[in-house]
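To start, the structure itself, in structure tokens.
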Amino acid sequence: MSDAIRLAPALRGELRHDEPMAKHVSWRAGGRARTFFRPADLEDLQAFLAARPAGEPVLFVGLGSNLLVRDGGFAGCVVFTHHALTGIGSAPLPGPRLVVVAGAGVPAPHLARYVARHAGAGAEWLAGVPGTVGGALAMNAGCYGGETWNHVVSVRTIDRTGVLRTRTPQDYEIGYRHVVARDGAEEWFVGGTFAFDAGDEAGAMARMKALLVKRVATQPLSLPNAGSVFRNPPGDHAARLIEACGLKGFAVGGAQVSRRHANFIVNAGGASAADIEAVIDHVHATVRARAGVELVREVRIVGAVEGRAP
Ligand SMILES: Cc1cc2nc3c(=O)[nH]c(=O)nc-3n(C[C@H](O)[C@H](O)[C@H](O)COP(=O)(O)OP(=O)(O)OC[C@H]3O[C@@H](n4cnc5c(N)ncnc54)[C@H](O)[C@@H]3O)c2cc1C
């Protein structure tokens, strides 16, 4: 056979069409993805991306805990990293710090426990973030004083032709729930190398447990939600402002401002993405009108409004 004829490698991952994204986002609402792919491994992901048509919208999704896909769906391909790209291990580095290499699909709580078990400290807060390493990198997830990018040594990215690169924090503009590649490159995270202080397992496990207890006491975790909907404005809390505007309990269809935590919107039963977005818009407009504060949304919204072309 001629060397010139090279067949594209057969995909080994899970490829589906017209996939309901409500199954894959924590709000349990919203539309479908035209194409859905869960790669078998990194090589499989490279082959998949290299074969996609140029210009097709691509969306990486971890655990969907900060994401809403509008009811009209996402007219592109969704790459699902959860239960894929799940490798995790330690790497040697001079000095006492613990260095961990984790794939984008590793759940953040898994990384937190891994660090604790390997005598590291400073990852305890990740135990309460119900997303993946990739999502935490994309969002610069954080809480209780911890922030994802404070621990990044380097990240591994992939572009739409399947090319992998190693990048460092200097390549990004990083802020509160904000991460943008300085060169504007369209790339996604396939993994990261993180450094943590030295600690002890029992201490880290105890701190993790205490933070989780605090979460259960303050957050409406029994109903589908996406965590904090808005970023905290400088020097204030979005939840305080929303509550002060009398919005706790405000509802459209099945979507409601939580009575327990005003910066959470819960799916109290049968909410559509349009219901959730209508509550978000109402909260935003009311806080602007009554408190004069322009809240900035933290959750990501993608896709088309039902009945309208994307
Ligand atoms: C109950 C609850 C509590 C929460 N508490 C916190 C908290 O304390 N602190 C906090 O920061 N967040 C919190 N969140 C929000 C959410 O968990 C985080 O933003 C998390 O990092 C999102 O990860 P994910 O894998 O679910 O991302 P997804 O929701 O799947 O995606 C979020 C965004 O990241 C992009 N993305 C995902 N994976 C990749 C990738 N591999 N490469 C590039 N882009 C990617 C997506 O395209 C999307 O734009 C909470 C959410 C819930 C439901």
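We name chains A, B, ... following the order of the structure tokens; residues begin at 1 in each chain, and ligands are numbered from 1 as shown.
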Would you list the contacts of region 252-260 of chain A as a VMD selection string, taking every protein, DNA or RNA residue within 8 Å and counting only C-alpha atoms, but skipping same-chain residues closer than 4 positions in sequence?
-> chain A and resid 218 to 220 247 to 248 264 to 272 275 to 276 278 to 279
Hey, can you spit out that residue selection with C-alpha atoms as a tab-separated table (two decimals), in the first residue's frame?
chain	number	residue	atom	x	y	z
A	218	THR	CA	-25.42	27.31	53.89
A	219	GLN	CA	-26.13	26.00	50.39
A	220	PRO	CA	-29.34	24.54	48.88
A	247	LEU	CA	-35.58	38.57	45.60
A	248	LYS	CA	-35.32	35.38	47.69
A	264	PHE	CA	-28.12	30.36	43.99
A	265	ILE	CA	-30.93	29.70	41.51
A	266	VAL	CA	-32.47	26.28	41.96
A	267	ASN	CA	-34.42	24.06	39.62
A	268	ALA	CA	-37.36	23.44	41.91
A	269	GLY	CA	-38.91	21.06	39.36
A	270	GLY	CA	-39.26	21.07	35.57
A	271	ALA	CA	-37.37	24.34	34.96
A	272	SER	CA	-36.42	25.11	31.37
A	275	ASP	CA	-36.96	29.91	33.07
A	276	ILE	CA	-33.49	29.95	34.63
A	278	ALA	CA	-35.39	34.77	32.98
A	279	VAL	CA	-34.68	34.60	36.72
Output as JSON, numbers by chain all residues of region 110-307 of chain A that backbone DSSP marks as alpha helix (DSSP H).
-> {"A": [110, 111, 112, 113, 114, 115, 116, 117, 133, 134, 135, 136, 137, 138, 139, 201, 202, 203, 204, 205, 206, 207, 208, 209, 210, 211, 212, 213, 214, 215, 216, 217, 218, 238, 239, 240, 241, 242, 243, 244, 273, 274, 275, 276, 277, 278, 279, 280, 281, 282, 283, 284, 285, 286, 287, 288, 289, 290, 291]}
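Of the listed residues (A:Cys245, A:Ala202, A:Met139, A:Ala289), A:Met139 comes nearest to ligand 1; the distances count only C-alpha atoms and all ligand atoms.
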Point-to-point distance from CA of Ile174 (chain A) to CA of Leu63 (chain A), Å rounded to tenths | 21.9 Å
Once DSSP has gone over the backbone, tell me which residues of region 37-137 of chain A are in strand (DSSP E or B), as a PyMOL selection string.
-> chain A and resi 37-38+58-61+67-69+74-80+88-91+98-103+107+120-121+132
Pick from A:Val190, A:Val58, A:Ala108, A:Leu11: nearest to Leu164 (chain A), with only C-alpha atoms counted?
->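 The answer is A:Val190, which sits nearest to Leu164 (chain A).
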With 7 Å as the cut-off and only C-alpha atoms and all ligand atoms counted, what is the closest atom pair between each nearby residue of chain A and ligand 1? Distances in Å to one decimal, ordered by chain and number, as JSON lines.
{"residue": "A:Val25", "atom": "CA", "partner": "ligand 1", "partner_atom_place_in_ligand_line": "29 (O)", "distance": 6.9}
{"residue": "A:Ser26", "atom": "CA", "partner": "ligand 1", "partner_atom_place_in_ligand_line": "53 (C)", "distance": 6.0}
{"residue": "A:Leu59", "atom": "CA", "partner": "ligand 1", "partner_atom_place_in_ligand_line": "47 (O)", "distance": 5.2}
{"residue": "A:Phe60", "atom": "CA", "partner": "ligand 1", "partner_atom_place_in_ligand_line": "47 (O)", "distance": 4.5}
{"residue": "A:Val61", "atom": "CA", "partner": "ligand 1", "partner_atom_place_in_ligand_line": "30 (O)", "distance": 3.7}
{"residue": "A:Gly62", "atom": "CA", "partner": "ligand 1", "partner_atom_place_in_ligand_line": "25 (O)", "distance": 3.4}
{"residue": "A:Leu63", "atom": "CA", "partner": "ligand 1", "partner_atom_place_in_ligand_line": "26 (O)", "distance": 3.6}
{"residue": "A:Gly64", "atom": "CA", "partner": "ligand 1", "partner_atom_place_in_ligand_line": "29 (O)", "distance": 3.3}
{"residue": "A:Ser65", "atom": "CA", "partner": "ligand 1", "partner_atom_place_in_ligand_line": "26 (O)", "distance": 3.7}
{"residue": "A:Asn66", "atom": "CA", "partner": "ligand 1", "partner_atom_place_in_ligand_line": "29 (O)", "distance": 3.6}
{"residue": "A:Leu67", "atom": "CA", "partner": "ligand 1", "partner_atom_place_in_ligand_line": "29 (O)", "distance": 4.4}
{"residue": "A:Thr81", "atom": "CA", "partner": "ligand 1", "partner_atom_place_in_ligand_line": "41 (N)", "distance": 6.6}
{"residue": "A:Ala104", "atom": "CA", "partner": "ligand 1", "partner_atom_place_in_ligand_line": "41 (N)", "distance": 5.1}
{"residue": "A:Gly128", "atom": "CA", "partner": "ligand 1", "partner_atom_place_in_ligand_line": "8 (O)", "distance": 6.3}
{"residue": "A:Val129", "atom": "CA", "partner": "ligand 1", "partner_atom_place_in_ligand_line": "17 (O)", "distance": 4.7}
{"residue": "A:Pro130", "atom": "CA", "partner": "ligand 1", "partner_atom_place_in_ligand_line": "17 (O)", "distance": 4.5}
{"residue": "A:Gly131", "atom": "CA", "partner": "ligand 1", "partner_atom_place_in_ligand_line": "23 (O)", "distance": 3.4}
{"residue": "A:Thr132", "atom": "CA", "partner": "ligand 1", "partner_atom_place_in_ligand_line": "25 (O)", "distance": 3.7}
{"residue": "A:Val133", "atom": "CA", "partner": "ligand 1", "partner_atom_place_in_ligand_line": "25 (O)", "distance": 6.5}
{"residue": "A:Gly134", "atom": "CA", "partner": "ligand 1", "partner_atom_place_in_ligand_line": "41 (N)", "distance": 3.6}
{"residue": "A:Gly135", "atom": "CA", "partner": "ligand 1", "partner_atom_place_in_ligand_line": "23 (O)", "distance": 3.5}
{"residue": "A:Ala136", "atom": "CA", "partner": "ligand 1", "partner_atom_place_in_ligand_line": "21 (O)", "distance": 3.4}
{"residue": "A:Leu137", "atom": "CA", "partner": "ligand 1", "partner_atom_place_in_ligand_line": "21 (O)", "distance": 7.0}
{"residue": "A:Ala138", "atom": "CA", "partner": "ligand 1", "partner_atom_place_in_ligand_line": "44 (N)", "distance": 4.7}
{"residue": "A:Met139", "atom": "CA", "partner": "ligand 1", "partner_atom_place_in_ligand_line": "19 (O)", "distance": 5.4}
{"residue": "A:Asn140", "atom": "CA", "partner": "ligand 1", "partner_atom_place_in_ligand_line": "11 (O)", "distance": 6.5}
{"residue": "A:Ala141", "atom": "CA", "partner": "ligand 1", "partner_atom_place_in_ligand_line": "11 (O)", "distance": 3.1}
{"residue": "A:Gly142", "atom": "CA", "partner": "ligand 1", "partner_atom_place_in_ligand_line": "11 (O)", "distance": 4.1}
{"residue": "A:Cys143", "atom": "CA", "partner": "ligand 1", "partner_atom_place_in_ligand_line": "8 (O)", "distance": 4.6}
{"residue": "A:Arg177", "atom": "CA", "partner": "ligand 1", "partner_atom_place_in_ligand_line": "11 (O)", "distance": 6.7}
{"residue": "A:Trp188", "atom": "CA", "partner": "ligand 1", "partner_atom_place_in_ligand_line": "42 (N)", "distance": 3.8}
{"residue": "A:Phe189", "atom": "CA", "partner": "ligand 1", "partner_atom_place_in_ligand_line": "42 (N)", "distance": 3.8}
{"residue": "A:Val190", "atom": "CA", "partner": "ligand 1", "partner_atom_place_in_ligand_line": "41 (N)", "distance": 5.5}
{"residue": "A:Leu221", "atom": "CA", "partner": "ligand 1", "partner_atom_place_in_ligand_line": "1 (C)", "distance": 5.9}
{"residue": "A:Asn225", "atom": "CA", "partner": "ligand 1", "partner_atom_place_in_ligand_line": "53 (C)", "distance": 5.2}
{"residue": "A:Ala226", "atom": "CA", "partner": "ligand 1", "partner_atom_place_in_ligand_line": "53 (C)", "distance": 3.7}
{"residue": "A:Gly227", "atom": "CA", "partner": "ligand 1", "partner_atom_place_in_ligand_line": "52 (C)", "distance": 3.5}
{"residue": "A:Ser228", "atom": "CA", "partner": "ligand 1", "partner_atom_place_in_ligand_line": "50 (C)", "distance": 6.3}
{"residue": "A:Arg300", "atom": "CA", "partner": "ligand 1", "partner_atom_place_in_ligand_line": "49 (O)", "distance": 5.4}
Restrict the selected residues to C-alpha atoms and save them as an mmCIF file, in the first residue's frame.
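Final output, out.cif:
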data_model
loop_
_atom_site.group_PDB
_atom_site.id
_atom_site.type_symbol
_atom_site.label_atom_id
_atom_site.label_comp_id
_atom_site.auth_asym_id
_atom_site.auth_seq_id
_atom_site.Cartn_x
_atom_site.Cartn_y
_atom_site.Cartn_z
ATOM 1 C CA VAL A 25 -25.275 19.927 33.615
ATOM 2 C CA SER A 26 -25.978 20.342 37.306
ATOM 3 C CA LEU A 59 -17.476 23.353 23.707
ATOM 4 C CA PHE A 60 -15.559 21.505 26.415
ATOM 5 C CA VAL A 61 -17.713 20.389 29.326
ATOM 6 C CA GLY A 62 -16.570 18.926 32.623
ATOM 7 C CA LEU A 63 -19.256 18.284 35.192
ATOM 8 C CA GLY A 64 -21.495 21.051 33.865
ATOM 9 C CA SER A 65 -21.677 22.667 37.298
ATOM 10 C CA ASN A 66 -21.330 26.193 35.972
ATOM 11 C CA LEU A 67 -23.098 25.866 32.659
ATOM 12 C CA THR A 81 -13.984 15.319 29.790
ATOM 13 C CA ALA A 104 -8.827 17.806 32.870
ATOM 14 C CA GLY A 128 -16.443 21.444 47.798
ATOM 15 C CA VAL A 129 -16.206 22.430 44.121
ATOM 16 C CA PRO A 130 -18.362 19.936 42.195
ATOM 17 C CA GLY A 131 -16.502 20.366 38.901
ATOM 18 C CA THR A 132 -13.475 18.986 37.073
ATOM 19 C CA VAL A 133 -9.867 20.136 36.948
ATOM 20 C CA GLY A 134 -10.525 21.480 33.402
ATOM 21 C CA GLY A 135 -13.532 23.474 34.596
ATOM 22 C CA ALA A 136 -11.585 24.790 37.590
ATOM 23 C CA LEU A 137 -8.792 25.951 35.254
ATOM 24 C CA ALA A 138 -11.253 27.586 32.825
ATOM 25 C CA MET A 139 -13.123 29.381 35.620
ATOM 26 C CA ASN A 140 -10.230 29.965 38.040
ATOM 27 C CA ALA A 141 -12.531 28.322 40.574
ATOM 28 C CA GLY A 142 -11.982 29.265 44.179
ATOM 29 C CA CYS A 143 -13.468 29.604 47.638
ATOM 30 C CA ARG A 177 -13.257 33.743 37.934
ATOM 31 C CA TRP A 188 -8.867 23.938 25.829
ATOM 32 C CA PHE A 189 -7.282 22.413 28.912
ATOM 33 C CA VAL A 190 -6.455 18.720 28.873
ATOM 34 C CA LEU A 221 -27.665 21.312 47.815
ATOM 35 C CA ASN A 225 -28.267 24.371 40.925
ATOM 36 C CA ALA A 226 -25.037 25.763 39.493
ATOM 37 C CA GLY A 227 -23.526 27.318 42.589
ATOM 38 C CA SER A 228 -23.141 31.090 42.713
ATOM 39 C CA ARG A 300 -21.682 30.387 31.466
#
Closest to Ala75 (chain A) among A:Gly192, A:Pro57, A:Pro107, A:Gly145, using only C-alpha atoms?
->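 Of all the options, A:Pro57 lies closest to Ala75 (chain A).
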Could you give me, as a PyMOL selection string, the residues within 9 Å of His284 (chain A), counting only C-alpha atoms and dropping anything in the same chain fewer than 4 positions from it?
-> chain A and resi 230+242+279-280+288-289+293-297
